[in-house]
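Everything below concerns the one structure shown next.
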Amino acid sequence: MDPNHRAPQGNTSADRRPPTPDRRPPTPTDDRRPNAEDEPEGVAWKGALAVALVVGGLVVWRACSTPERAASDAAAASSASPAAPAASDPADPAATSQPVAPRCAAASAAPFVIGDAPPAARGPEGAGGGDADSVEDLAPFAVEVGRGTTFSGGFAVGAQREAEGGTVAMVATLSADGAQGKLVRLARSRGDMDPPVVAGAGGAILAAMLEPNAGGRAIKVARIEGEHVTWGAELAEGRDESLALDIAASGERAIIVWDDVTRDGKRSRIMLASADVGTLRSVTSARPVSQPSTDAEMPRVIARPGGYWLAYIARAEEPARKAATKPSDGNEDTAAAGETITHQWLEVVPLDESGALTSTPRAITPKDGHVLAYDLTLGDDDGLVLAFRDDDTPSGSIGGRISAVLVRLGGASEPRVLVGGASEQDAPPEAALGVGAGVPALLPGVRGPGVRGPGPGGAREGAAAWLAIANASGPTQLAALSARGELAGELHAEPALGRGEPIAASAEALLVAHPAGKAMKLGLLRCTLTAPPNK
(Lines give C-alpha, C1' and ligand atoms only; values in the text may rest on other atoms or scores of the structure.)
Protein backbone atom coordinates (compact mmCIF):
# COMPACT_ATOMS: atom_id res chain seq x y z
CA MET A 1 0.00 0.00 0.00
CA ASP A 2 1.27 3.49 -0.86
CA PRO A 3 2.57 5.10 2.36
CA ASN A 4 1.40 8.52 1.15
CA HIS A 5 -2.21 7.36 0.79
CA ARG A 6 -4.58 7.75 3.73
CA ALA A 7 -8.28 7.10 4.10
CA PRO A 8 -10.48 10.25 4.01
CA GLN A 9 -11.47 10.00 7.68
CA GLY A 10 -7.81 10.25 8.74
CA ASN A 11 -8.03 14.06 8.70
CA THR A 12 -11.02 14.29 11.04
CA SER A 13 -10.93 14.96 14.76
CA ALA A 14 -13.72 12.47 15.33
CA ASP A 15 -11.30 9.63 14.84
CA ARG A 16 -9.20 10.89 17.71
CA ARG A 17 -12.28 11.36 20.04
CA PRO A 18 -12.31 9.02 23.12
CA PRO A 19 -15.13 6.51 23.41
CA THR A 20 -18.44 8.02 24.58
CA PRO A 21 -19.08 7.05 28.20
CA ASP A 22 -22.27 5.40 29.26
CA ARG A 23 -24.64 8.22 30.32
CA ARG A 24 -27.40 6.14 31.79
CA PRO A 25 -28.11 7.05 35.42
CA PRO A 26 -26.60 4.57 37.77
CA THR A 27 -28.84 2.25 39.65
CA PRO A 28 -28.32 0.89 43.12
CA THR A 29 -27.48 -2.46 41.68
CA ASP A 30 -25.27 -1.14 38.89
CA ASP A 31 -22.34 -3.37 39.83
CA ARG A 32 -22.46 -4.99 36.42
CA ARG A 33 -23.31 -4.03 32.85
CA PRO A 34 -26.84 -5.11 31.94
CA ASN A 35 -27.28 -7.80 29.34
CA ALA A 36 -28.61 -6.96 25.90
CA GLU A 37 -31.96 -8.51 26.68
CA ASP A 38 -32.30 -6.25 29.79
CA GLU A 39 -31.88 -2.95 27.75
CA PRO A 40 -35.00 -1.08 26.73
CA GLU A 41 -35.95 -1.53 23.08
CA GLY A 42 -35.70 2.22 22.30
CA VAL A 43 -32.11 2.54 23.42
CA ALA A 44 -30.80 0.45 20.52
CA TRP A 45 -32.46 2.45 17.74
CA LYS A 46 -31.59 5.76 19.43
CA GLY A 47 -27.91 4.75 19.51
CA ALA A 48 -28.00 3.81 15.84
CA LEU A 49 -29.57 7.16 15.01
CA ALA A 50 -26.85 9.01 16.92
CA VAL A 51 -24.12 7.14 15.05
CA ALA A 52 -25.81 7.94 11.73
CA LEU A 53 -25.96 11.65 12.62
CA VAL A 54 -22.29 11.71 13.56
CA VAL A 55 -21.24 9.99 10.34
CA GLY A 56 -23.43 12.31 8.24
CA GLY A 57 -21.89 15.34 9.91
CA LEU A 58 -18.42 14.10 9.18
CA VAL A 59 -19.28 13.56 5.52
CA VAL A 60 -20.67 17.10 5.22
CA TRP A 61 -17.63 18.56 6.96
CA ARG A 62 -15.26 16.65 4.68
CA ALA A 63 -17.06 17.82 1.56
CA CYS A 64 -16.89 21.44 2.65
CA SER A 65 -13.16 21.35 3.42
CA THR A 66 -11.00 23.48 1.02
CA PRO A 67 -8.64 21.81 -1.50
CA GLU A 68 -5.74 23.83 -0.14
CA ARG A 69 -6.26 22.36 3.32
CA ALA A 70 -6.34 18.82 1.94
CA ALA A 71 -3.22 19.40 -0.14
CA SER A 72 -1.31 20.87 2.81
CA ASP A 73 -2.35 17.97 5.02
CA ALA A 74 -1.21 15.45 2.39
CA ALA A 75 2.15 17.20 1.95
CA ALA A 76 2.72 17.33 5.67
CA ALA A 77 1.86 13.68 6.10
CA SER A 78 4.13 12.74 3.20
CA SER A 79 7.10 14.59 4.69
CA ALA A 80 6.41 13.12 8.10
CA SER A 81 6.13 9.58 6.84
CA PRO A 82 9.51 7.82 7.17
CA ALA A 83 8.55 5.27 4.51
CA ALA A 84 8.04 7.87 1.77
CA PRO A 85 11.00 7.80 -0.68
CA ALA A 86 12.71 11.07 -1.52
CA ALA A 87 13.05 12.31 -5.11
CA SER A 88 16.79 11.68 -5.12
CA ASP A 89 16.89 8.63 -2.93
CA PRO A 90 20.36 7.08 -3.53
CA ALA A 91 18.90 3.64 -2.96
CA ASP A 92 16.66 4.10 -5.99
CA PRO A 93 18.53 2.80 -9.12
CA ALA A 94 16.57 5.12 -11.36
CA ALA A 95 17.61 8.11 -9.30
CA THR A 96 21.30 7.21 -9.15
CA SER A 97 21.72 6.37 -12.87
CA GLN A 98 23.17 9.39 -14.60
CA PRO A 99 23.54 9.83 -18.39
CA VAL A 100 27.07 9.51 -19.72
CA ALA A 101 28.59 12.90 -20.46
CA PRO A 102 29.49 13.35 -24.15
CA ARG A 103 33.16 13.44 -25.10
CA CYS A 104 32.74 14.59 -28.73
CA ALA A 105 31.39 17.74 -30.33
CA ALA A 106 31.01 18.82 -33.94
CA ALA A 107 34.16 20.54 -35.20
CA SER A 108 32.75 21.63 -38.57
CA ALA A 109 29.82 23.95 -39.10
CA ALA A 110 28.19 21.89 -41.85
CA PRO A 111 28.99 18.49 -43.38
CA PHE A 112 30.41 18.05 -46.86
CA VAL A 113 27.90 16.10 -48.94
CA ILE A 114 28.84 13.63 -51.67
CA GLY A 115 25.85 13.02 -53.92
CA ASP A 116 22.29 14.27 -53.67
CA ALA A 117 21.30 14.52 -50.03
CA PRO A 118 17.66 14.05 -48.97
CA PRO A 119 15.77 16.87 -47.20
CA ALA A 120 17.30 17.71 -43.84
CA ALA A 121 15.70 15.86 -40.93
CA ARG A 122 14.45 17.72 -37.90
CA GLY A 123 16.09 17.32 -34.53
CA PRO A 124 19.69 17.33 -33.27
CA GLU A 125 22.30 16.47 -35.85
CA GLY A 126 25.41 14.34 -35.57
CA ALA A 127 28.79 15.06 -37.08
CA GLY A 128 27.68 13.74 -40.45
CA GLY A 129 24.69 16.04 -40.52
CA GLY A 130 22.06 13.34 -39.94
CA ASP A 131 19.72 12.76 -37.05
CA ALA A 132 21.88 11.24 -34.34
CA ASP A 133 19.00 9.23 -32.91
CA SER A 134 17.40 7.88 -36.08
CA VAL A 135 18.28 4.93 -38.25
CA GLU A 136 20.23 6.04 -41.29
CA ASP A 137 18.37 5.92 -44.59
CA LEU A 138 20.86 4.06 -46.77
CA ALA A 139 19.29 3.73 -50.20
CA PRO A 140 20.29 1.38 -53.04
CA PHE A 141 23.04 2.64 -55.35
CA ALA A 142 24.21 4.99 -52.63
CA VAL A 143 27.62 6.64 -52.45
CA GLU A 144 30.32 4.34 -51.04
CA VAL A 145 33.40 5.50 -49.18
CA GLY A 146 36.47 3.57 -48.07
CA ARG A 147 39.15 4.18 -45.46
CA GLY A 148 40.32 7.74 -45.16
CA THR A 149 43.73 9.31 -44.57
CA THR A 150 45.35 12.62 -43.69
CA PHE A 151 47.75 14.78 -45.67
CA SER A 152 49.12 18.29 -45.26
CA GLY A 153 45.94 19.76 -46.75
CA GLY A 154 43.53 17.99 -44.40
CA PHE A 155 41.61 14.73 -44.96
CA ALA A 156 41.09 12.52 -48.00
CA VAL A 157 38.89 9.49 -48.67
CA GLY A 158 38.22 7.28 -51.68
CA ALA A 159 34.61 7.22 -52.89
CA GLN A 160 32.47 6.00 -55.75
CA ARG A 161 28.98 6.91 -56.89
CA GLU A 162 26.51 6.27 -59.68
CA ALA A 163 27.12 8.81 -62.46
CA GLU A 164 27.78 9.05 -66.20
CA GLY A 165 25.70 5.97 -66.83
CA GLY A 166 27.77 3.81 -64.49
CA THR A 167 30.03 4.03 -61.45
CA VAL A 168 32.65 6.75 -61.10
CA ALA A 169 35.63 6.47 -58.75
CA MET A 170 36.79 9.67 -57.08
CA VAL A 171 38.69 11.12 -54.15
CA ALA A 172 37.01 13.50 -51.72
CA THR A 173 39.14 15.98 -49.81
CA LEU A 174 38.20 18.02 -46.75
CA SER A 175 40.19 20.83 -45.20
CA ALA A 176 41.60 20.37 -41.71
CA ASP A 177 38.81 22.53 -40.23
CA GLY A 178 36.09 20.88 -42.32
CA ALA A 179 35.10 24.17 -43.94
CA GLN A 180 36.05 23.31 -47.53
CA GLY A 181 35.54 20.08 -49.46
CA LYS A 182 35.87 19.01 -53.07
CA LEU A 183 35.70 15.95 -55.31
CA VAL A 184 38.39 14.86 -57.75
CA ARG A 185 37.27 12.46 -60.44
CA LEU A 186 39.57 9.52 -61.11
CA ALA A 187 37.95 7.22 -63.68
CA ARG A 188 34.95 5.09 -64.57
CA SER A 189 34.84 2.00 -62.36
CA ARG A 190 33.74 -1.11 -64.23
CA GLY A 191 32.53 -4.13 -62.34
CA ASP A 192 31.54 -4.45 -58.70
CA MET A 193 34.67 -2.96 -57.13
CA ASP A 194 35.41 -1.22 -53.85
CA PRO A 195 36.19 2.51 -53.56
CA PRO A 196 39.83 3.51 -54.07
CA VAL A 197 42.21 3.25 -51.14
CA VAL A 198 44.18 6.41 -50.35
CA ALA A 199 47.36 7.45 -48.55
CA GLY A 200 48.87 10.82 -47.75
CA ALA A 201 52.23 11.75 -49.28
CA GLY A 202 53.07 15.24 -48.03
CA GLY A 203 50.83 17.65 -49.92
CA ALA A 204 49.75 14.97 -52.39
CA ILE A 205 47.39 12.02 -52.17
CA LEU A 206 48.08 8.55 -53.57
CA ALA A 207 45.10 6.43 -54.64
CA ALA A 208 44.96 2.79 -55.76
CA MET A 209 41.94 1.14 -57.38
CA LEU A 210 41.07 -2.14 -59.09
CA GLU A 211 40.03 -2.28 -62.72
CA PRO A 212 38.91 -5.37 -64.70
CA ASN A 213 40.87 -6.27 -67.80
CA ALA A 214 41.25 -9.18 -70.20
CA GLY A 215 43.66 -11.01 -67.91
CA GLY A 216 41.61 -10.63 -64.73
CA ARG A 217 42.09 -7.36 -62.86
CA ALA A 218 44.69 -4.60 -62.78
CA ILE A 219 45.72 -2.22 -59.99
CA LYS A 220 45.87 1.41 -61.10
CA VAL A 221 47.77 3.94 -58.97
CA ALA A 222 47.24 7.71 -59.20
CA ARG A 223 48.76 10.80 -57.61
CA ILE A 224 46.41 13.69 -56.85
CA GLU A 225 47.66 17.23 -56.30
CA GLY A 226 44.87 19.76 -56.10
CA GLU A 227 42.64 18.79 -58.99
CA HIS A 228 45.44 17.35 -61.13
CA VAL A 229 45.62 13.54 -61.46
CA THR A 230 48.74 11.67 -62.62
CA TRP A 231 48.51 7.95 -63.39
CA GLY A 232 51.32 5.49 -62.88
CA ALA A 233 52.06 2.01 -64.13
CA GLU A 234 49.44 -0.74 -63.81
CA LEU A 235 50.00 -3.90 -61.75
CA ALA A 236 48.48 -7.29 -62.62
CA GLU A 237 46.23 -8.52 -59.81
CA GLY A 238 44.93 -11.89 -61.06
CA ARG A 239 41.49 -13.48 -60.91
CA ASP A 240 40.98 -14.24 -57.23
CA GLU A 241 37.75 -13.25 -55.49
CA SER A 242 39.35 -10.97 -52.89
CA LEU A 243 39.32 -7.20 -53.38
CA ALA A 244 41.79 -6.53 -50.54
CA LEU A 245 44.21 -3.73 -51.43
CA ASP A 246 46.24 -1.18 -49.50
CA ILE A 247 48.82 1.56 -50.12
CA ALA A 248 51.19 3.60 -47.94
CA ALA A 249 53.95 6.14 -48.52
CA SER A 250 57.15 6.81 -46.58
CA GLY A 251 59.73 9.25 -47.87
CA GLU A 252 60.20 8.86 -51.61
CA ARG A 253 58.77 5.36 -51.83
CA ALA A 254 55.21 4.07 -51.96
CA ILE A 255 54.23 0.46 -51.16
CA ILE A 256 51.23 -1.33 -52.67
CA VAL A 257 50.06 -4.66 -51.21
CA TRP A 258 47.25 -7.05 -52.20
CA ASP A 259 46.38 -10.75 -52.05
CA ASP A 260 46.34 -13.13 -55.01
CA VAL A 261 46.07 -16.87 -55.54
CA THR A 262 48.98 -19.04 -56.57
CA ARG A 263 49.11 -20.42 -60.09
CA ASP A 264 47.75 -23.78 -58.98
CA GLY A 265 44.91 -22.01 -57.16
CA LYS A 266 45.53 -23.86 -53.89
CA ARG A 267 46.61 -20.92 -51.73
CA SER A 268 46.31 -17.19 -51.39
CA ARG A 269 49.45 -15.14 -50.87
CA ILE A 270 50.42 -11.55 -50.14
CA MET A 271 51.93 -9.60 -53.03
CA LEU A 272 53.95 -6.38 -52.77
CA ALA A 273 55.25 -3.79 -55.23
CA SER A 274 56.84 -0.38 -54.81
CA ALA A 275 56.81 2.83 -56.81
CA ASP A 276 58.37 6.27 -56.75
CA VAL A 277 56.11 8.75 -54.96
CA GLY A 278 56.86 11.65 -57.30
CA THR A 279 56.58 9.90 -60.66
CA LEU A 280 54.74 6.66 -59.73
CA ARG A 281 57.20 4.72 -61.84
CA SER A 282 57.62 1.14 -60.75
CA VAL A 283 60.70 0.60 -58.59
CA THR A 284 60.29 -3.06 -57.72
CA SER A 285 58.06 -5.52 -59.53
CA ALA A 286 55.34 -7.49 -57.78
CA ARG A 287 56.63 -10.30 -55.57
CA PRO A 288 55.16 -12.54 -52.85
CA VAL A 289 56.13 -11.66 -49.27
CA SER A 290 54.12 -14.20 -47.25
CA GLN A 291 55.48 -17.65 -46.49
CA PRO A 292 54.98 -20.20 -49.32
CA SER A 293 53.28 -22.62 -46.92
CA THR A 294 50.87 -19.98 -45.55
CA ASP A 295 47.44 -19.26 -46.90
CA ALA A 296 47.32 -15.44 -46.44
CA GLU A 297 44.79 -12.74 -47.23
CA MET A 298 43.55 -9.24 -46.31
CA PRO A 299 46.88 -7.36 -46.15
CA ARG A 300 47.30 -3.94 -44.54
CA VAL A 301 50.38 -1.70 -44.65
CA ILE A 302 51.20 1.41 -42.62
CA ALA A 303 54.24 3.70 -42.73
CA ARG A 304 56.54 4.03 -39.72
CA PRO A 305 59.81 5.93 -39.22
CA GLY A 306 62.41 4.06 -41.29
CA GLY A 307 60.00 1.76 -43.09
CA TYR A 308 56.61 0.08 -42.84
CA TRP A 309 54.56 -2.47 -40.93
CA LEU A 310 52.82 -5.20 -42.94
CA ALA A 311 50.01 -7.28 -41.42
CA TYR A 312 47.68 -9.91 -42.85
CA ILE A 313 45.42 -12.81 -41.86
CA ALA A 314 46.93 -16.29 -42.12
CA ARG A 315 44.68 -19.30 -42.38
CA ALA A 316 45.13 -22.99 -41.76
CA GLU A 317 44.42 -25.36 -44.61
CA GLU A 318 40.85 -26.60 -44.64
CA PRO A 319 40.53 -30.26 -43.62
CA ALA A 320 39.42 -32.64 -46.30
CA ARG A 321 35.68 -33.14 -46.22
CA LYS A 322 34.28 -36.63 -46.06
CA ALA A 323 31.89 -37.76 -48.74
CA ALA A 324 28.26 -37.27 -47.79
CA THR A 325 26.53 -40.49 -46.81
CA LYS A 326 23.05 -38.99 -46.64
CA PRO A 327 21.23 -39.29 -49.94
CA SER A 328 20.43 -35.99 -51.58
CA ASP A 329 16.81 -34.99 -52.10
CA GLY A 330 17.67 -32.78 -55.05
CA ASN A 331 17.21 -29.56 -53.07
CA GLU A 332 20.21 -27.25 -53.51
CA ASP A 333 19.57 -25.56 -50.15
CA THR A 334 19.84 -28.81 -48.21
CA ALA A 335 22.54 -30.37 -50.39
CA ALA A 336 25.00 -27.45 -50.04
CA ALA A 337 27.59 -27.76 -47.30
CA GLY A 338 27.59 -25.25 -44.43
CA GLU A 339 30.24 -22.62 -43.85
CA THR A 340 33.54 -24.09 -42.66
CA ILE A 341 34.98 -22.34 -39.60
CA THR A 342 38.77 -22.50 -39.94
CA HIS A 343 41.56 -21.33 -37.66
CA GLN A 344 42.80 -17.87 -38.60
CA TRP A 345 45.43 -15.68 -36.97
CA LEU A 346 47.34 -12.45 -37.57
CA GLU A 347 50.91 -12.29 -38.85
CA VAL A 348 53.07 -9.16 -38.86
CA VAL A 349 56.41 -8.35 -40.47
CA PRO A 350 58.43 -5.09 -40.53
CA LEU A 351 59.62 -3.69 -43.87
CA ASP A 352 62.40 -1.23 -44.65
CA GLU A 353 61.95 1.92 -46.73
CA SER A 354 62.29 -0.04 -49.99
CA GLY A 355 59.64 -2.54 -48.96
CA ALA A 356 62.04 -5.41 -48.27
CA LEU A 357 61.36 -7.72 -45.32
CA THR A 358 63.66 -7.13 -42.37
CA SER A 359 62.65 -10.32 -40.55
CA THR A 360 60.48 -13.39 -40.90
CA PRO A 361 56.70 -12.91 -40.53
CA ARG A 362 55.55 -14.02 -37.11
CA ALA A 363 52.14 -14.88 -35.68
CA ILE A 364 50.98 -12.41 -33.02
CA THR A 365 47.65 -14.08 -32.15
CA PRO A 366 47.00 -17.73 -31.25
CA LYS A 367 46.93 -20.06 -34.23
CA ASP A 368 43.86 -21.80 -32.86
CA GLY A 369 41.89 -18.53 -32.97
CA HIS A 370 39.34 -17.29 -35.44
CA VAL A 371 40.31 -13.76 -36.53
CA LEU A 372 37.61 -12.34 -38.79
CA ALA A 373 38.62 -8.70 -39.18
CA TYR A 374 41.22 -6.27 -37.87
CA ASP A 375 42.58 -2.74 -38.08
CA LEU A 376 45.88 -1.13 -37.16
CA THR A 377 47.58 2.12 -36.19
CA LEU A 378 50.96 3.21 -34.84
CA GLY A 379 51.52 2.78 -31.11
CA ASP A 380 54.16 3.14 -28.43
CA ASP A 381 57.78 3.57 -29.67
CA ASP A 382 56.54 3.54 -33.29
CA GLY A 383 55.26 0.04 -32.73
CA LEU A 384 52.05 -1.33 -34.17
CA VAL A 385 48.71 -1.59 -32.34
CA LEU A 386 46.22 -4.02 -33.85
CA ALA A 387 42.60 -4.47 -32.82
CA PHE A 388 40.91 -7.61 -34.10
CA ARG A 389 37.66 -9.50 -33.79
CA ASP A 390 37.94 -13.16 -32.85
CA ASP A 391 34.78 -15.18 -33.39
CA ASP A 392 34.09 -18.83 -34.21
CA THR A 393 30.50 -18.20 -35.36
CA PRO A 394 29.38 -17.94 -39.02
CA SER A 395 29.92 -14.69 -40.86
CA GLY A 396 27.49 -11.90 -40.01
CA SER A 397 26.40 -13.34 -36.67
CA ILE A 398 26.68 -11.59 -33.34
CA GLY A 399 29.08 -12.51 -30.58
CA GLY A 400 32.82 -12.93 -30.32
CA ARG A 401 35.24 -10.52 -28.71
CA ILE A 402 37.53 -7.68 -29.72
CA SER A 403 41.12 -7.71 -28.51
CA ALA A 404 44.22 -5.58 -29.01
CA VAL A 405 47.92 -6.38 -29.22
CA LEU A 406 51.05 -4.22 -29.35
CA VAL A 407 53.87 -5.22 -31.71
CA ARG A 408 57.39 -3.79 -31.52
CA LEU A 409 60.53 -4.62 -33.47
CA GLY A 410 61.69 -6.69 -30.51
CA GLY A 411 58.50 -8.72 -30.10
CA ALA A 412 54.78 -8.62 -29.39
CA SER A 413 52.70 -8.43 -26.23
CA GLU A 414 49.98 -10.87 -25.31
CA PRO A 415 46.58 -10.02 -26.83
CA ARG A 416 44.32 -8.22 -24.38
CA VAL A 417 40.53 -8.55 -24.51
CA LEU A 418 38.80 -5.18 -24.80
CA VAL A 419 35.17 -6.03 -25.52
CA GLY A 420 33.12 -9.20 -25.33
CA GLY A 421 35.38 -11.23 -23.05
CA ALA A 422 33.75 -11.04 -19.64
CA SER A 423 35.10 -14.49 -18.78
CA GLU A 424 38.68 -13.18 -18.75
CA GLN A 425 39.98 -12.53 -15.24
CA ASP A 426 41.78 -9.29 -16.07
CA ALA A 427 39.22 -8.05 -18.57
CA PRO A 428 37.94 -4.47 -18.07
CA PRO A 429 34.27 -3.79 -17.26
CA GLU A 430 33.67 -2.89 -20.91
CA ALA A 431 34.47 -6.49 -21.84
CA ALA A 432 31.03 -7.55 -20.66
CA LEU A 433 29.45 -5.54 -23.48
CA GLY A 434 28.42 -7.31 -26.64
CA VAL A 435 30.04 -6.45 -29.97
CA GLY A 436 27.09 -7.41 -32.15
CA ALA A 437 28.24 -8.01 -35.70
CA GLY A 438 30.55 -4.97 -35.75
CA VAL A 439 34.25 -4.93 -36.58
CA PRO A 440 36.89 -2.69 -34.99
CA ALA A 441 38.33 0.45 -36.54
CA LEU A 442 41.49 2.05 -35.13
CA LEU A 443 42.22 5.73 -35.66
CA PRO A 444 45.33 7.65 -34.60
CA GLY A 445 45.11 10.23 -31.85
CA VAL A 446 47.68 12.35 -30.05
CA ARG A 447 51.21 11.34 -31.01
CA GLY A 448 53.75 11.20 -28.20
CA PRO A 449 54.39 9.14 -25.09
CA GLY A 450 50.77 8.06 -24.95
CA VAL A 451 47.71 9.37 -23.21
CA ARG A 452 48.49 12.63 -21.43
CA GLY A 453 46.78 13.61 -18.24
CA PRO A 454 45.18 16.94 -17.35
CA GLY A 455 47.59 19.82 -17.71
CA PRO A 456 47.77 23.20 -15.97
CA GLY A 457 44.49 25.02 -15.82
CA GLY A 458 42.42 21.88 -16.32
CA ALA A 459 43.58 21.12 -19.86
CA ARG A 460 41.61 18.40 -21.58
CA GLU A 461 43.00 14.95 -22.02
CA GLY A 462 43.98 13.36 -25.34
CA ALA A 463 44.09 9.77 -26.55
CA ALA A 464 46.86 7.94 -28.36
CA ALA A 465 44.26 6.16 -30.49
CA TRP A 466 40.51 5.72 -30.84
CA LEU A 467 38.65 2.43 -31.11
CA ALA A 468 35.35 2.58 -33.00
CA ILE A 469 32.90 -0.31 -33.41
CA ALA A 470 30.21 0.38 -35.97
CA ASN A 471 27.15 -1.85 -35.85
CA ALA A 472 24.06 -1.92 -38.05
CA SER A 473 21.88 -2.76 -35.06
CA GLY A 474 22.79 0.28 -32.95
CA PRO A 475 24.91 3.41 -32.61
CA THR A 476 28.66 3.34 -33.09
CA GLN A 477 30.65 2.66 -29.90
CA LEU A 478 33.77 4.75 -29.24
CA ALA A 479 36.60 4.38 -26.72
CA ALA A 480 40.01 5.95 -26.17
CA LEU A 481 43.11 3.72 -26.22
CA SER A 482 46.56 4.23 -24.80
CA ALA A 483 49.69 3.90 -26.92
CA ARG A 484 49.95 0.29 -25.71
CA GLY A 485 46.51 -0.63 -26.97
CA GLU A 486 44.80 -0.58 -23.56
CA LEU A 487 41.45 1.03 -22.86
CA ALA A 488 41.96 4.55 -21.53
CA GLY A 489 38.25 5.36 -21.21
CA GLU A 490 34.82 3.81 -21.35
CA LEU A 491 33.39 2.29 -24.51
CA HIS A 492 29.99 3.81 -25.24
CA ALA A 493 27.99 5.64 -27.88
CA GLU A 494 28.38 9.36 -28.54
CA PRO A 495 25.34 11.55 -29.29
CA ALA A 496 27.33 13.61 -31.81
CA LEU A 497 28.52 10.45 -33.57
CA GLY A 498 25.24 8.56 -33.74
CA ARG A 499 25.48 5.80 -36.32
CA GLY A 500 28.26 7.53 -38.23
CA GLU A 501 31.49 5.66 -38.98
CA PRO A 502 34.87 7.25 -38.21
CA ILE A 503 37.13 6.69 -41.25
CA ALA A 504 40.17 8.89 -40.56
CA ALA A 505 41.67 10.98 -37.78
CA SER A 506 44.24 13.63 -37.06
CA ALA A 507 45.52 14.75 -33.68
CA GLU A 508 42.68 17.28 -33.53
CA ALA A 509 39.61 15.68 -35.09
CA LEU A 510 37.87 12.54 -36.37
CA LEU A 511 36.52 12.34 -39.92
CA VAL A 512 33.08 10.73 -39.78
CA ALA A 513 31.05 9.34 -42.69
CA HIS A 514 27.29 9.49 -42.25
CA PRO A 515 24.93 7.91 -44.85
CA ALA A 516 21.97 10.01 -45.97
CA GLY A 517 19.85 8.25 -48.57
CA LYS A 518 21.94 7.94 -51.73
CA ALA A 519 24.39 10.55 -50.45
CA MET A 520 27.21 10.46 -47.93
CA LYS A 521 27.94 13.24 -45.48
CA LEU A 522 31.47 13.90 -44.23
CA GLY A 523 31.95 15.89 -41.04
CA LEU A 524 34.51 16.42 -38.29
CA LEU A 525 34.25 15.61 -34.60
CA ARG A 526 36.56 16.88 -31.90
CA CYS A 527 36.80 14.30 -29.11
CA THR A 528 38.54 14.27 -25.75
CA LEU A 529 39.39 11.48 -23.37
CA THR A 530 36.91 12.84 -20.82
CA ALA A 531 33.86 15.04 -21.14
CA PRO A 532 34.64 18.77 -21.60
CA PRO A 533 34.04 20.86 -18.46
CA ASN A 534 30.84 22.91 -18.34
CA LYS A 535 31.35 26.57 -18.98
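Ordering of the C-alpha coordinates sets the chain letters (A, B, ...); residue numbers start at 1 within each chain; ligands are numbered from 1 in the order shown.
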> Ala311 in chain A: which residues within 6 Å, counting only C-alpha atoms, same-chain residues fewer than 2 positions away excluded, as a list in words?
Replying inline: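 Surrounding residues, per the criterion: Pro299, Arg300, Glu347 and Val348 of chain A.
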>> Which residues are close to His492 in chain A, i.e. within 10 Å by only C-alpha atoms, leaving aside same-chain residues fewer than 2 positions away? Reply as a PyMOL selection string.
In response: chain A and resi 100+102+430+433+468-469+475-479+489-490+494-495
> Can you tell me how far CA of Val419 in chain A sits from CA of Leu378 in chain A, in Å to one decimal?
Replying inline: 20.5 Å
> Separation of CA of Ile224 in chain A and CA of Ser108 in chain A, in Å?
Replying inline: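 One can read the CA of Ile224 in chain A to CA of Ser108 in chain A distance as 24.2 Å.
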